[in-house]
file query-v5.cif (mmCIF, C-alpha atoms)
data_input
loop_
_atom_site.label_atom_id
_atom_site.label_comp_id
_atom_site.auth_asym_id
_atom_site.auth_seq_id
_atom_site.Cartn_x
_atom_site.Cartn_y
_atom_site.Cartn_z
CA MET J 244 -24.28 -14.64 -7.53
CA ALA J 245 -22.76 -17.10 -9.99
CA ASP J 246 -19.60 -18.97 -9.09
CA TRP J 247 -17.77 -17.19 -11.89
CA THR J 248 -17.75 -13.79 -13.52
CA ARG J 249 -19.69 -13.51 -16.76
CA GLY J 250 -17.37 -12.91 -19.68
CA PHE J 251 -14.10 -13.34 -17.76
CA LEU J 252 -11.64 -15.94 -18.98
CA GLY J 253 -8.40 -14.51 -17.61
CA ARG J 254 -4.95 -14.43 -18.97
CA ARG J 255 -3.54 -17.50 -20.69
CA ARG J 256 -1.97 -19.72 -18.10
CA ASP J 257 -0.71 -23.24 -17.50
CA GLY J 258 -2.84 -25.25 -15.13
CA ALA J 259 -0.02 -26.68 -13.06
CA GLY J 260 1.07 -23.38 -11.57
CA GLN J 261 2.77 -20.32 -12.89
CA ALA J 262 6.52 -19.83 -13.34
CA GLY J 263 7.24 -23.46 -12.57
CA GLY J 264 5.38 -23.34 -9.27
CA ARG J 265 7.35 -20.37 -8.00
CA LEU J 266 4.55 -17.85 -8.28
CA PRO J 267 1.86 -17.94 -5.56
CA PRO J 268 -1.78 -17.65 -6.68
CA GLY J 269 -2.81 -14.25 -7.96
CA GLN J 270 0.77 -12.95 -8.26
CA TYR J 271 2.80 -11.81 -11.28
CA ASP J 272 6.55 -11.76 -11.84
CA ALA J 273 7.80 -8.17 -11.47
CA GLY J 274 11.02 -9.08 -13.27
CA ALA J 275 13.82 -6.62 -12.74
CA THR J 276 11.61 -3.94 -11.17
CA TRP J 277 11.04 -3.49 -7.47
CA PRO J 278 7.85 -1.51 -6.91
CA VAL J 279 7.62 0.73 -3.84
CA MET J 280 4.57 0.52 -1.59
CA THR J 281 4.41 2.54 1.60
CA ALA J 282 1.86 4.62 3.45
CA GLU J 283 4.24 7.23 4.78
CA PRO J 284 6.67 9.74 3.35
CA THR J 285 10.06 8.10 2.98
CA PRO J 286 11.99 8.92 6.17
CA ARG J 287 15.71 9.68 6.24
CA ILE J 288 17.06 7.76 9.21
CA ALA J 289 20.70 8.23 10.15
CA THR J 290 22.58 5.10 11.13
CA GLU J 291 24.17 6.99 14.04
CA GLY J 292 20.94 7.19 16.00
CA TRP J 293 19.54 3.89 14.69
CA THR J 294 18.58 1.19 17.20
CA PHE J 295 16.80 -2.12 17.13
CA ARG J 296 15.21 -3.45 20.27
CA VAL J 297 13.35 -6.53 21.48
CA GLU J 298 10.88 -5.86 24.28
CA GLY J 299 7.62 -7.06 25.80
CA LEU J 300 7.44 -10.63 27.06
CA VAL J 301 11.18 -11.30 27.19
CA GLU J 302 13.56 -12.17 30.02
CA ARG J 303 16.07 -9.45 29.08
CA PRO J 304 14.86 -6.52 26.98
CA ALA J 305 17.66 -5.96 24.48
CA SER J 306 18.76 -3.15 22.21
CA TRP J 307 21.43 -2.85 19.54
CA THR J 308 23.00 0.16 17.88
CA TRP J 309 23.90 0.10 14.18
CA ASP J 310 27.45 -1.00 14.97
CA GLU J 311 26.38 -3.55 17.57
CA ILE J 312 23.92 -5.31 15.29
CA HIS J 313 26.58 -5.52 12.56
CA ALA J 314 28.87 -7.29 15.03
CA LEU J 315 26.38 -10.18 15.37
CA PRO J 316 26.76 -13.33 13.23
CA ALA J 317 25.77 -12.47 9.66
CA ALA J 318 22.86 -14.14 7.90
CA ALA J 319 21.63 -13.83 4.33
CA TYR J 320 18.40 -14.58 2.49
CA GLU J 321 18.42 -15.61 -1.13
CA GLY J 322 15.08 -16.35 -2.70
CA ASP J 323 11.76 -14.81 -3.67
CA ILE J 324 9.59 -12.07 -2.19
CA HIS J 325 5.85 -11.50 -2.62
CA CYS J 326 3.83 -8.31 -2.19
CA VAL J 327 0.08 -8.29 -1.54
CA THR J 328 -0.32 -5.78 -4.40
CA THR J 329 0.25 -8.88 -6.60
CA TRP J 330 3.88 -8.63 -7.66
CA SER J 331 6.55 -11.16 -6.80
CA LYS J 332 10.28 -10.81 -7.30
CA PHE J 333 12.49 -13.83 -7.82
CA GLY J 334 16.04 -14.51 -6.73
CA VAL J 335 16.79 -11.54 -4.51
CA ARG J 336 19.55 -11.41 -1.91
CA PHE J 337 19.43 -9.61 1.40
CA ASP J 338 22.17 -9.43 4.04
CA GLY J 339 21.68 -8.89 7.73
CA VAL J 340 21.13 -10.94 10.84
CA SER J 341 18.71 -13.72 11.74
CA VAL J 342 15.86 -12.76 14.05
CA ASP J 343 16.72 -15.97 15.95
CA THR J 344 20.00 -14.35 17.02
CA LEU J 345 18.16 -11.29 18.33
CA LEU J 346 15.49 -13.29 20.14
CA GLU J 347 18.09 -15.55 21.70
CA ALA J 348 19.73 -12.53 23.33
CA ALA J 349 16.42 -11.29 24.74
CA GLY J 350 15.00 -14.68 25.80
CA PRO J 351 11.30 -14.87 24.90
CA ARG J 352 9.15 -15.82 27.89
CA PRO J 353 7.16 -19.06 27.52
CA GLU J 354 3.86 -17.21 27.14
CA ALA J 355 5.13 -15.10 24.20
CA ALA J 356 3.22 -16.23 21.13
CA TYR J 357 2.87 -13.11 18.93
CA ALA J 358 4.98 -10.15 18.00
CA MET J 359 4.33 -6.59 16.93
CA ALA J 360 7.05 -5.25 14.66
CA PHE J 361 7.36 -1.47 14.92
CA SER J 362 9.21 1.06 12.82
CA HIS J 363 10.95 4.36 13.35
CA THR J 364 8.03 5.91 11.42
CA GLY J 365 5.30 4.53 13.69
CA TYR J 366 4.35 1.73 11.28
CA THR J 367 3.38 -1.54 12.93
CA THR J 368 2.59 -5.07 11.77
CA ASN J 369 1.65 -8.16 13.73
CA LEU J 370 3.01 -11.67 13.27
CA PRO J 371 2.82 -15.00 15.05
CA LEU J 372 6.14 -15.50 16.85
CA ALA J 373 6.51 -18.85 15.06
CA ASP J 374 6.85 -16.95 11.77
CA LEU J 375 9.86 -15.07 13.12
CA THR J 376 11.84 -18.08 14.38
CA GLY J 377 13.57 -21.07 12.85
CA GLY J 378 15.66 -19.16 10.31
CA LYS J 379 12.61 -17.68 8.56
CA ALA J 380 13.06 -14.01 9.46
CA PHE J 381 15.84 -11.43 9.32
CA VAL J 382 16.73 -7.84 10.04
CA VAL J 383 18.49 -6.75 6.84
CA TRP J 384 20.57 -3.76 5.72
CA GLY J 385 22.07 -5.07 2.50
CA TYR J 386 20.37 -5.69 -0.84
CA ASP J 387 22.12 -7.19 -3.82
CA GLY J 388 25.53 -6.42 -2.37
CA ALA J 389 24.79 -2.74 -1.63
CA PRO J 390 23.22 -0.83 1.26
CA LEU J 391 19.44 -1.27 1.35
CA PRO J 392 17.90 1.76 -0.45
CA VAL J 393 15.90 4.07 1.80
CA ASP J 394 12.68 3.70 -0.22
CA HIS J 395 12.88 -0.05 0.35
CA GLY J 396 13.26 0.39 4.09
CA GLY J 397 16.91 1.32 4.54
CA PRO J 398 18.94 1.61 6.57
CA GLY J 399 17.37 -1.50 8.14
CA ARG J 400 14.14 -3.43 7.67
CA LEU J 401 12.54 -6.62 8.85
CA LEU J 402 12.43 -9.42 6.25
CA VAL J 403 9.93 -12.26 6.59
CA PRO J 404 10.04 -13.55 3.03
CA HIS J 405 7.58 -16.42 3.42
CA LEU J 406 4.79 -13.91 4.18
CA TYR J 407 3.48 -10.98 2.12
CA LEU J 408 5.95 -8.15 2.24
CA TRP J 409 3.91 -5.73 4.35
CA LYS J 410 4.89 -7.97 7.29
CA SER J 411 8.53 -7.10 6.56
CA ALA J 412 8.38 -3.72 8.29
CA LYS J 413 10.49 -1.06 6.56
CA TRP J 414 12.68 1.19 8.76
CA VAL J 415 12.19 -1.35 11.54
CA ALA J 416 12.91 -0.26 15.11
CA GLY J 417 12.10 -3.42 17.03
CA LEU J 418 9.83 -6.26 18.05
CA ARG J 419 7.42 -6.34 20.97
CA LEU J 420 6.53 -9.85 22.12
CA MET J 421 2.98 -10.48 23.30
CA ASP J 422 0.87 -13.36 24.60
CA HIS J 423 -2.04 -12.39 22.32
CA ASP J 424 -2.44 -11.12 18.77
CA GLU J 425 -2.99 -7.40 18.16
CA ARG J 426 -3.56 -5.78 14.81
CA GLY J 427 -0.96 -3.54 13.20
CA PHE J 428 -1.24 -0.72 10.70
CA TRP J 429 -2.58 -2.52 7.62
CA GLU J 430 -4.23 -5.28 9.61
CA GLN J 431 -6.52 -2.69 11.23
CA GLY J 432 -7.42 -1.63 7.72
CA GLY J 433 -8.58 -5.06 6.62
CA TYR J 434 -5.38 -6.95 5.80
CA HIS J 435 -4.81 -10.49 7.02
CA ASP J 436 -3.25 -11.23 10.41
CA ARG J 437 -0.83 -13.79 8.97
CA GLY J 438 -0.48 -13.11 5.24
CA ASP J 439 0.72 -16.39 3.72
CA PRO J 440 0.98 -15.79 -0.06
CA TRP J 441 0.61 -19.50 -0.86
CA LYS J 442 -2.77 -19.52 0.90
CA GLU J 443 -3.54 -16.11 -0.62
CA GLN J 444 -4.22 -14.63 2.82
CA ARG J 445 -4.60 -11.04 1.64
CA TYR J 446 -7.56 -9.82 3.68
CA HIS J 447 -9.41 -10.84 6.82
CA GLY J 448 -11.48 -13.91 6.10
CA ASP J 449 -9.12 -15.34 3.44
CA MET C 29 -10.25 6.00 -17.28
CA LYS C 30 -13.73 4.66 -16.84
CA THR C 31 -16.04 5.00 -13.86
CA LEU C 32 -18.29 2.11 -12.85
CA ARG C 33 -21.14 2.48 -10.42
CA LEU C 34 -21.65 -0.62 -8.31
CA ALA C 35 -24.70 -1.18 -6.11
CA PHE C 36 -23.97 -3.10 -2.92
CA GLU C 37 -26.01 -6.18 -2.05
CA ARG C 38 -26.39 -4.67 1.41
CA PRO C 39 -25.40 -1.27 2.80
CA THR C 40 -21.61 -1.12 3.17
CA PRO C 41 -20.11 1.78 5.16
CA TYR C 42 -16.73 3.04 4.01
CA LEU C 43 -14.57 6.15 4.22
CA PRO C 44 -13.28 8.44 1.47
CA GLY C 45 -9.80 7.16 0.60
CA GLN C 46 -10.57 3.48 1.14
CA HIS C 47 -10.47 1.01 -1.69
CA PHE C 48 -12.34 -2.07 -2.76
CA VAL C 49 -11.05 -5.25 -4.34
CA VAL C 50 -12.72 -6.50 -7.48
CA ARG C 51 -12.25 -10.24 -7.80
CA LEU C 52 -12.98 -11.92 -11.11
CA THR C 53 -13.36 -15.68 -11.40
CA ALA C 54 -13.05 -17.63 -14.66
CA PRO C 55 -15.19 -20.73 -15.28
CA ASP C 56 -12.20 -22.96 -14.39
CA GLY C 57 -11.77 -21.28 -11.01
CA TYR C 58 -8.84 -19.04 -12.01
CA ARG C 59 -9.11 -15.72 -10.19
CA ALA C 60 -7.64 -12.27 -10.59
CA SER C 61 -8.07 -9.43 -8.08
CA ARG C 62 -7.25 -5.75 -8.29
CA SER C 63 -7.79 -2.86 -5.89
CA TYR C 64 -9.68 0.24 -6.96
CA SER C 65 -10.26 3.33 -4.86
CA ALA C 66 -13.74 4.64 -4.24
CA ALA C 67 -14.25 7.82 -6.25
CA THR C 68 -17.41 8.76 -4.37
CA PRO C 69 -18.03 9.26 -0.67
CA PRO C 70 -20.66 6.97 0.83
CA ASP C 71 -24.29 7.96 0.61
CA ASP C 72 -26.55 7.60 3.62
CA PRO C 73 -27.29 4.71 3.73
CA PRO C 74 -24.25 3.51 1.74
CA GLN C 75 -25.94 1.64 -1.12
CA ALA C 76 -23.43 2.07 -3.93
CA VAL C 77 -19.88 3.10 -4.79
CA GLU C 78 -18.22 4.42 -7.92
CA LEU C 79 -14.84 3.01 -8.87
CA THR C 80 -12.69 4.72 -11.48
CA VAL C 81 -10.56 2.24 -13.38
CA GLU C 82 -7.51 3.21 -15.38
CA ARG C 83 -7.00 0.95 -18.35
CA LEU C 84 -3.50 -0.50 -18.22
CA PRO C 85 -1.70 -1.94 -21.23
CA ASP C 86 -2.27 -5.69 -21.07
CA GLY C 87 -4.26 -5.18 -17.87
CA GLU C 88 -6.07 -8.39 -17.19
CA VAL C 89 -8.69 -6.91 -14.89
CA SER C 90 -8.81 -3.33 -16.19
CA SER C 91 -9.36 -4.56 -19.76
CA PHE C 92 -12.26 -6.70 -18.59
CA LEU C 93 -13.79 -3.78 -16.71
CA HIS C 94 -13.34 -1.48 -19.71
CA GLU C 95 -14.53 -3.83 -22.44
CA ALA C 96 -16.47 -6.82 -21.24
CA VAL C 97 -18.49 -5.82 -18.23
CA GLU C 98 -22.08 -4.72 -18.89
CA ALA C 99 -24.73 -2.94 -16.90
CA GLY C 100 -26.50 -5.49 -14.72
CA ASP C 101 -23.53 -7.85 -14.33
CA ALA C 102 -22.69 -9.05 -10.83
CA LEU C 103 -19.13 -8.50 -9.63
CA GLU C 104 -17.48 -9.85 -6.51
CA LEU C 105 -16.41 -6.93 -4.39
CA ARG C 106 -14.37 -7.15 -1.19
CA GLY C 107 -13.69 -4.45 1.33
CA PRO C 108 -13.54 -1.67 2.17
CA ILE C 109 -9.79 -1.91 2.69
CA GLY C 110 -7.38 0.58 4.22
CA GLY C 111 -7.59 2.77 7.28
CA HIS C 112 -4.71 5.23 7.05
CA PHE C 113 -5.27 7.01 3.77
CA THR C 114 -8.77 8.10 4.74
CA TRP C 115 -10.42 11.46 5.20
CA ARG C 116 -12.49 11.72 8.35
CA GLY C 117 -13.20 15.42 8.21
CA GLU C 118 -9.65 16.71 8.76
CA ALA C 119 -9.31 20.35 7.78
CA PRO C 120 -7.54 22.32 6.59
CA ALA C 121 -6.22 19.76 4.15
CA VAL C 122 -4.57 19.75 0.78
CA LEU C 123 -5.11 16.80 -1.54
CA VAL C 124 -2.36 16.32 -4.12
CA GLY C 125 -2.86 13.69 -6.80
CA GLY C 126 -1.20 12.61 -10.01
CA GLY C 127 -3.11 10.79 -12.76
CA SER C 128 -5.18 7.92 -11.41
CA GLY C 129 -3.99 8.93 -7.95
CA LEU C 130 -6.77 11.52 -8.11
CA VAL C 131 -9.45 8.88 -7.63
CA PRO C 132 -9.38 8.53 -3.80
CA LEU C 133 -8.81 12.28 -3.51
CA MET C 134 -11.99 12.86 -5.49
CA ALA C 135 -13.95 10.92 -2.87
CA MET C 136 -12.40 13.15 -0.20
CA LEU C 137 -13.07 16.37 -2.14
CA ARG C 138 -16.66 15.38 -2.85
CA ALA C 139 -17.19 14.54 0.81
CA ALA C 140 -15.70 17.87 1.88
CA ARG C 141 -17.82 19.83 -0.57
CA ARG C 142 -20.92 17.96 0.51
CA ALA C 143 -20.10 18.82 4.13
CA GLY C 144 -19.62 22.47 3.23
CA ARG C 145 -15.87 22.30 3.86
CA GLY C 146 -14.89 23.03 0.27
CA GLY C 147 -12.88 26.08 1.28
CA ASP C 148 -10.80 24.17 3.82
CA VAL C 149 -10.05 21.15 1.68
CA ARG C 150 -8.32 21.87 -1.60
CA VAL C 151 -7.20 19.61 -4.38
CA VAL C 152 -4.19 19.87 -6.64
CA ALA C 153 -4.46 17.69 -9.73
CA SER C 154 -1.34 16.93 -11.73
CA VAL C 155 -2.00 15.49 -15.20
CA ARG C 156 -0.07 15.42 -18.45
CA THR C 157 -2.65 16.96 -20.78
CA PRO C 158 -6.25 18.22 -20.61
CA ALA C 159 -7.43 14.87 -21.97
CA ASP C 160 -5.93 13.13 -18.93
CA LEU C 161 -7.91 15.14 -16.38
CA PRO C 162 -10.55 12.98 -14.68
CA TYR C 163 -13.73 14.53 -13.31
CA ALA C 164 -12.94 17.65 -15.33
CA ASP C 165 -16.35 19.23 -14.58
CA GLU C 166 -15.61 19.08 -10.87
CA MET C 167 -11.95 20.10 -11.05
CA ALA C 168 -12.99 23.74 -11.14
CA GLY C 169 -13.56 26.40 -8.55
CA PRO C 170 -11.45 28.06 -5.91
CA ASP C 171 -10.73 24.76 -4.16
CA ALA C 172 -9.22 23.07 -7.23
CA THR C 173 -5.86 23.69 -8.89
CA VAL C 174 -4.91 21.85 -12.06
CA VAL C 175 -1.27 21.47 -13.04
CA TYR C 176 -0.58 20.28 -16.59
CA THR C 177 2.87 18.79 -16.90
CA ARG C 178 3.09 18.47 -20.71
CA VAL C 179 0.33 20.44 -22.43
CA ALA C 180 -1.85 23.13 -20.86
CA PRO C 181 -5.11 24.17 -22.50
CA PRO C 182 -5.32 27.61 -24.11
CA GLY C 183 -5.90 30.31 -21.53
CA HIS C 184 -4.72 28.24 -18.59
CA GLY C 185 -2.92 30.62 -16.28
CA ARG C 186 -0.01 28.32 -15.61
CA PRO C 187 2.40 27.11 -18.28
CA ALA C 188 2.88 23.36 -18.62
CA GLY C 189 5.52 21.99 -16.29
CA ARG C 190 6.09 19.74 -13.36
CA LEU C 191 4.39 20.39 -10.05
CA ALA C 192 6.65 22.77 -8.16
CA ARG C 193 7.05 24.39 -4.79
CA ALA C 194 5.25 27.53 -6.00
CA ASP C 195 2.14 25.47 -6.80
CA LEU C 196 1.83 24.15 -3.26
CA ALA C 197 3.20 27.00 -1.16
CA PRO C 198 -0.05 29.06 -1.17
CA LEU C 199 -2.11 26.02 -0.17
CA VAL C 200 -0.11 24.79 2.80
CA GLY C 201 -0.92 26.73 5.94
CA PRO C 202 -0.17 25.98 9.56
CA GLY C 203 -1.84 22.81 10.80
CA ALA C 204 -2.70 21.60 7.32
CA MET C 205 -2.91 17.89 6.59
CA ALA C 206 -1.70 16.63 3.25
CA PHE C 207 -2.96 13.62 1.34
CA VAL C 208 -0.72 12.63 -1.55
CA CYS C 209 -1.54 9.91 -4.05
CA GLY C 210 0.07 8.86 -7.30
CA SER C 211 3.02 6.98 -8.70
CA SER C 212 6.00 6.47 -6.44
CA PRO C 213 8.19 9.15 -8.12
CA PHE C 214 5.28 11.61 -7.95
CA VAL C 215 4.72 10.91 -4.26
CA GLU C 216 8.44 11.26 -3.52
CA ALA C 217 8.61 14.61 -5.32
CA VAL C 218 5.49 15.99 -3.62
CA THR C 219 6.45 14.86 -0.12
CA ASP C 220 9.90 16.43 -0.58
CA ILE C 221 8.24 19.75 -1.48
CA LEU C 222 5.83 19.50 1.46
CA ALA C 223 8.69 18.77 3.86
CA ASP C 224 10.54 21.75 2.43
CA LEU C 225 7.45 23.88 3.09
CA GLY C 226 7.52 22.81 6.72
CA VAL C 227 4.73 20.24 6.74
CA PRO C 228 5.65 17.64 9.39
CA ALA C 229 5.88 14.03 8.24
CA ALA C 230 3.10 13.09 10.67
CA ALA C 231 0.73 15.44 8.82
CA ILE C 232 1.39 13.79 5.44
CA ARG C 233 -0.43 10.64 4.36
CA VAL C 234 0.53 8.97 1.15
CA GLU C 235 -0.72 6.23 -1.09
CA ARG C 236 1.41 5.08 -3.99
CA PHE C 237 0.10 3.25 -6.96
CA GLY C 238 0.04 2.90 -10.66
CA PRO C 239 1.02 0.16 -13.05
CA THR C 240 4.27 -0.54 -11.24
CA ALA C 241 2.98 -0.50 -7.70
CA GLY C 242 -0.05 -2.73 -8.06
#
call {"tool": "encode", "arguments": {"input": "query-v5.cif", "output": "structure tokens"}}
result
Amino acid sequence: MADWTRGFLGRRRDGAGQAGGRLPPGQYDAGATWPVMTAEPTPRIATEGWTFRVEGLVERPASWTWDEIHALPAAAYEGDIHCVTTWSKFGVRFDGVSVDTLLEAAGPRPEAAYAMAFSHTGYTTNLPLADLTGGKAFVVWGYDGAPLPVDHGGPGRLLVPHLYLWKSAKWVAGLRLMDHDERGFWEQGGYHDRGDPWKEQRYHGD
Amino acid sequence: MKTLRLAFERPTPYLPGQHFVVRLTAPDGYRASRSYSAATPPDDPPQAVELTVERLPDGEVSSFLHEAVEAGDALELRGPIGGHFTWRGEAPAVLVGGGSGLVPLMAMLRAARRAGRGGDVRVVASVRTPADLPYADEMAGPDATVVYTRVAPPGHGRPAGRLARADLAPLVGPGAMAFVCGSSPFVEAVTDILADLGVPAAAIRVERFGPTAG
């Protein structure tokens, strides 16, 4: 097969990178819209029964209620998000807590190298632990100054904005730390284990 | 909508409901990829797949596939992708699709009919007008219900209007699985109705797409 597709020139573009280098390869700017992508019916999860827990290879398995997690030091993310379905959204703000704060309380064991994020719906997604530490990941409940809408994962979701958004588990219930990588919901269906938008890691083999 | 039949270079097993990624590459290396659901179940051996492509306004890839591609061209195809929104013989099942969301459901319906399960697996197609109904020849029979939201053809038993509880109630029995595919508002509306009819969330699988959801 040829190195290029006969007859395809593509959209007009500047060679140096799109949107001043803000748009990863193969993405478009969704502007003011925020498309919804999920595989499950949207659940209605009451904050009264909500918990977030850190388990697996940790010194002290830890769990927080809705009120307890709000009492932790606040953290915010302001920046861009990227979905594997090719849209990106610039300049969003989320409020919540840093995953570092949660991991610190649980104490990851030295052999912990990967994590499985799991949701109240049964959704799972796998990440290298290094992608969840160092101020790069959050559990968030606020979007743009308001409660996170349920179709975008409210009341609380994981946010790992430097990876494609399917890693940011909606309706998140916790993290399980592991010494090996295991595939989550989309990853079992062909999606990439890490999902770095700048390397265009959409599917296995990218 | 346009359906393309693509022959695999080598047999490629896949499941009804899965999608493939078409990746186009320009001479300067610029690439654009889009996902398209298989409209056909796999043959034995799986030598080819049909993809139904909705033409989007200003759609970089869909325009190419509608206008420029010719029989005999080679396309880069990746996949199959997806493991949740798949039909592996579950029955009874109801397949509810809106617009281009009918494409993966068509692969499921065709597989069920081929397996002689046509009575257990039923499709509900929601489209705006008769001209918007894909696979119209096959959207007939006791296992297919068509709901026109804006304009119904003459003689259609149901007046035009949004998909409602009464459309789904007769099709949802105990133990039924539901597969719902369409735009996000469509999926929200249908899953609300199904929940209201007592279908547990675990028995509902959804896939959202359309111009806004990639």
call {"tool": "resolve_selection", "arguments": {"input": "query-v5.cif", "expression": "the PyMOL selection byres ((chain C) within 8 of (chain J))", "output": "PyMOL selection string"}}
result
chain C and resi 52-55+57-62+88+92+96-97+101-103+107-113+212+215-216+219+229+232-237+240-242
call {"tool": "atom_distance", "arguments": {"input": "query-v5.cif", "atom1": "atom CA of Gly322 of chain J", "atom2": "atom CA of Arg336 of chain J"}}
result
6.7 Å
call {"tool": "atom_distance", "arguments": {"input": "query-v5.cif", "atom1": "atom CA of Gly100 of chain C", "atom2": "atom CA of Leu34 of chain C"}}
result
9.4 Å
call {"tool": "resolve_selection", "arguments": {"input": "query-v5.cif", "expression": "the PyMOL selection byres ((chain C and resi 143-156) around 10)", "output": "PyMOL selection string"}}
result
chain C and resi 117-130+133-134+136-142+157-162+167-180+188-191+195-196+199-200+204-208+210+214
call {"tool": "resolve_selection", "arguments": {"input": "query-v5.cif", "expression": "the PyMOL selection byres ((chain J and resi 321) around 7)", "output": "list in words"}}
result
Ala319, Tyr320, Gly322, Gly334, Val335, Arg336 and Phe337 of chain J
call {"tool": "write_last_selection", "arguments": {"input": "query-v5.cif", "atoms": "C-alpha atoms", "output": "PDB file, keeping the file's coordinate frame"}}
result
ATOM      1  CA  ALA J 319      21.630 -13.830   4.330  1.00  0.00           C
ATOM      2  CA  TYR J 320      18.400 -14.580   2.490  1.00  0.00           C
ATOM      3  CA  GLY J 322      15.080 -16.350  -2.700  1.00  0.00           C
ATOM      4  CA  GLY J 334      16.040 -14.510  -6.730  1.00  0.00           C
ATOM      5  CA  VAL J 335      16.790 -11.540  -4.510  1.00  0.00           C
ATOM      6  CA  ARG J 336      19.550 -11.410  -1.910  1.00  0.00           C
ATOM      7  CA  PHE J 337      19.430  -9.610   1.400  1.00  0.00           C
TER       8      PHE J 337
END
call {"tool": "atom_distance", "arguments": {"input": "query-v5.cif", "atom1": "atom CA of Pro404 of chain J", "atom2": "atom CA of Thr294 of chain J"}}
result
22.2 Å
call {"tool": "closest_residue", "arguments": {"input": "query-v5.cif", "among": "J:Gly377, J:Pro398, J:Pro440, J:Pro371", "to": "Gly292 of chain J", "atoms": "all atoms listed in the file"}}
result
J:Pro398
call {"tool": "residues_near_point", "arguments": {"input": "query-v5.cif", "point": "(20.5, 5.2, 9.7)", "cutoff": "10 Å", "atoms": "all atoms listed in the file", "output": "list in words"}}
result
Pro286, Arg287, Ile288, Ala289, Thr290, Glu291, Gly292, Trp293, Thr294, Thr308, Trp309, Trp384, Val393, Gly397, Pro398, Gly399 and Trp414 of chain J
call {"tool": "residues_around", "arguments": {"input": "query-v5.cif", "residues": "Arg296 of chain J", "least_positions_apart": "5", "cutoff": "8 Å", "atoms": "all atoms listed in the file", "output": "PyMOL selection string"}}
result
chain J and resi 304-307+416-418
call {"tool": "write_last_selection", "arguments": {"input": "query-v5.cif", "atoms": "C-alpha atoms", "output": "CSV table (one decimal), keeping the file's coordinate frame"}}
result
chain,number,residue,atom,x,y,z
J,304,PRO,CA,14.9,-6.5,27.0
J,305,ALA,CA,17.7,-6.0,24.5
J,306,SER,CA,18.8,-3.2,22.2
J,307,TRP,CA,21.4,-2.8,19.5
J,416,ALA,CA,12.9,-0.3,15.1
J,417,GLY,CA,12.1,-3.4,17.0
J,418,LEU,CA,9.8,-6.3,18.0
call {"tool": "axis_aligned_box", "arguments": {"input": "query-v5.cif", "around": "segment 36-53 of chain C", "padding_each_side": "4 Å", "output": "AutoDock Vina command-line options"}}
result
--center_x -18.1 --center_y -3.6 --center_z -3.1 --size_x 24.6 --size_y 32.1 --size_z 24.6
call {"tool": "residues_around", "arguments": {"input": "query-v5.cif", "residues": "Thr344 of chain J", "least_positions_apart": "6", "cutoff": "12 Å", "atoms": "all atoms listed in the file", "output": "ChimeraX atom specification"}}
result
/J:297,305,307,312-318,350-351,375-382
call {"tool": "closest_residue", "arguments": {"input": "query-v5.cif", "among": "J:Arg352, J:Lys332, J:Arg265, J:Lys410", "to": "Gly427 of chain J", "atoms": "all atoms listed in the file"}}
result
J:Lys410
call {"tool": "closest_residue", "arguments": {"input": "query-v5.cif", "among": "J:Leu420, J:Val415, J:Leu406, J:Ala356", "to": "Glu443 of chain J", "atoms": "only C-alpha atoms"}}
result
J:Leu406
call {"tool": "residues_around", "arguments": {"input": "query-v5.cif", "residues": "Ser65 of chain C", "least_positions_apart": "4", "cutoff": "9 Å", "atoms": "all atoms listed in the file", "output": "list of chain:residue names"}}
result
C:Pro44, C:Gly45, C:Gln46, C:His47, C:Phe48, C:Val49, C:Glu78, C:Leu79, C:Thr80, C:Val81, C:Gly129, C:Val131, C:Pro132, C:Ala135
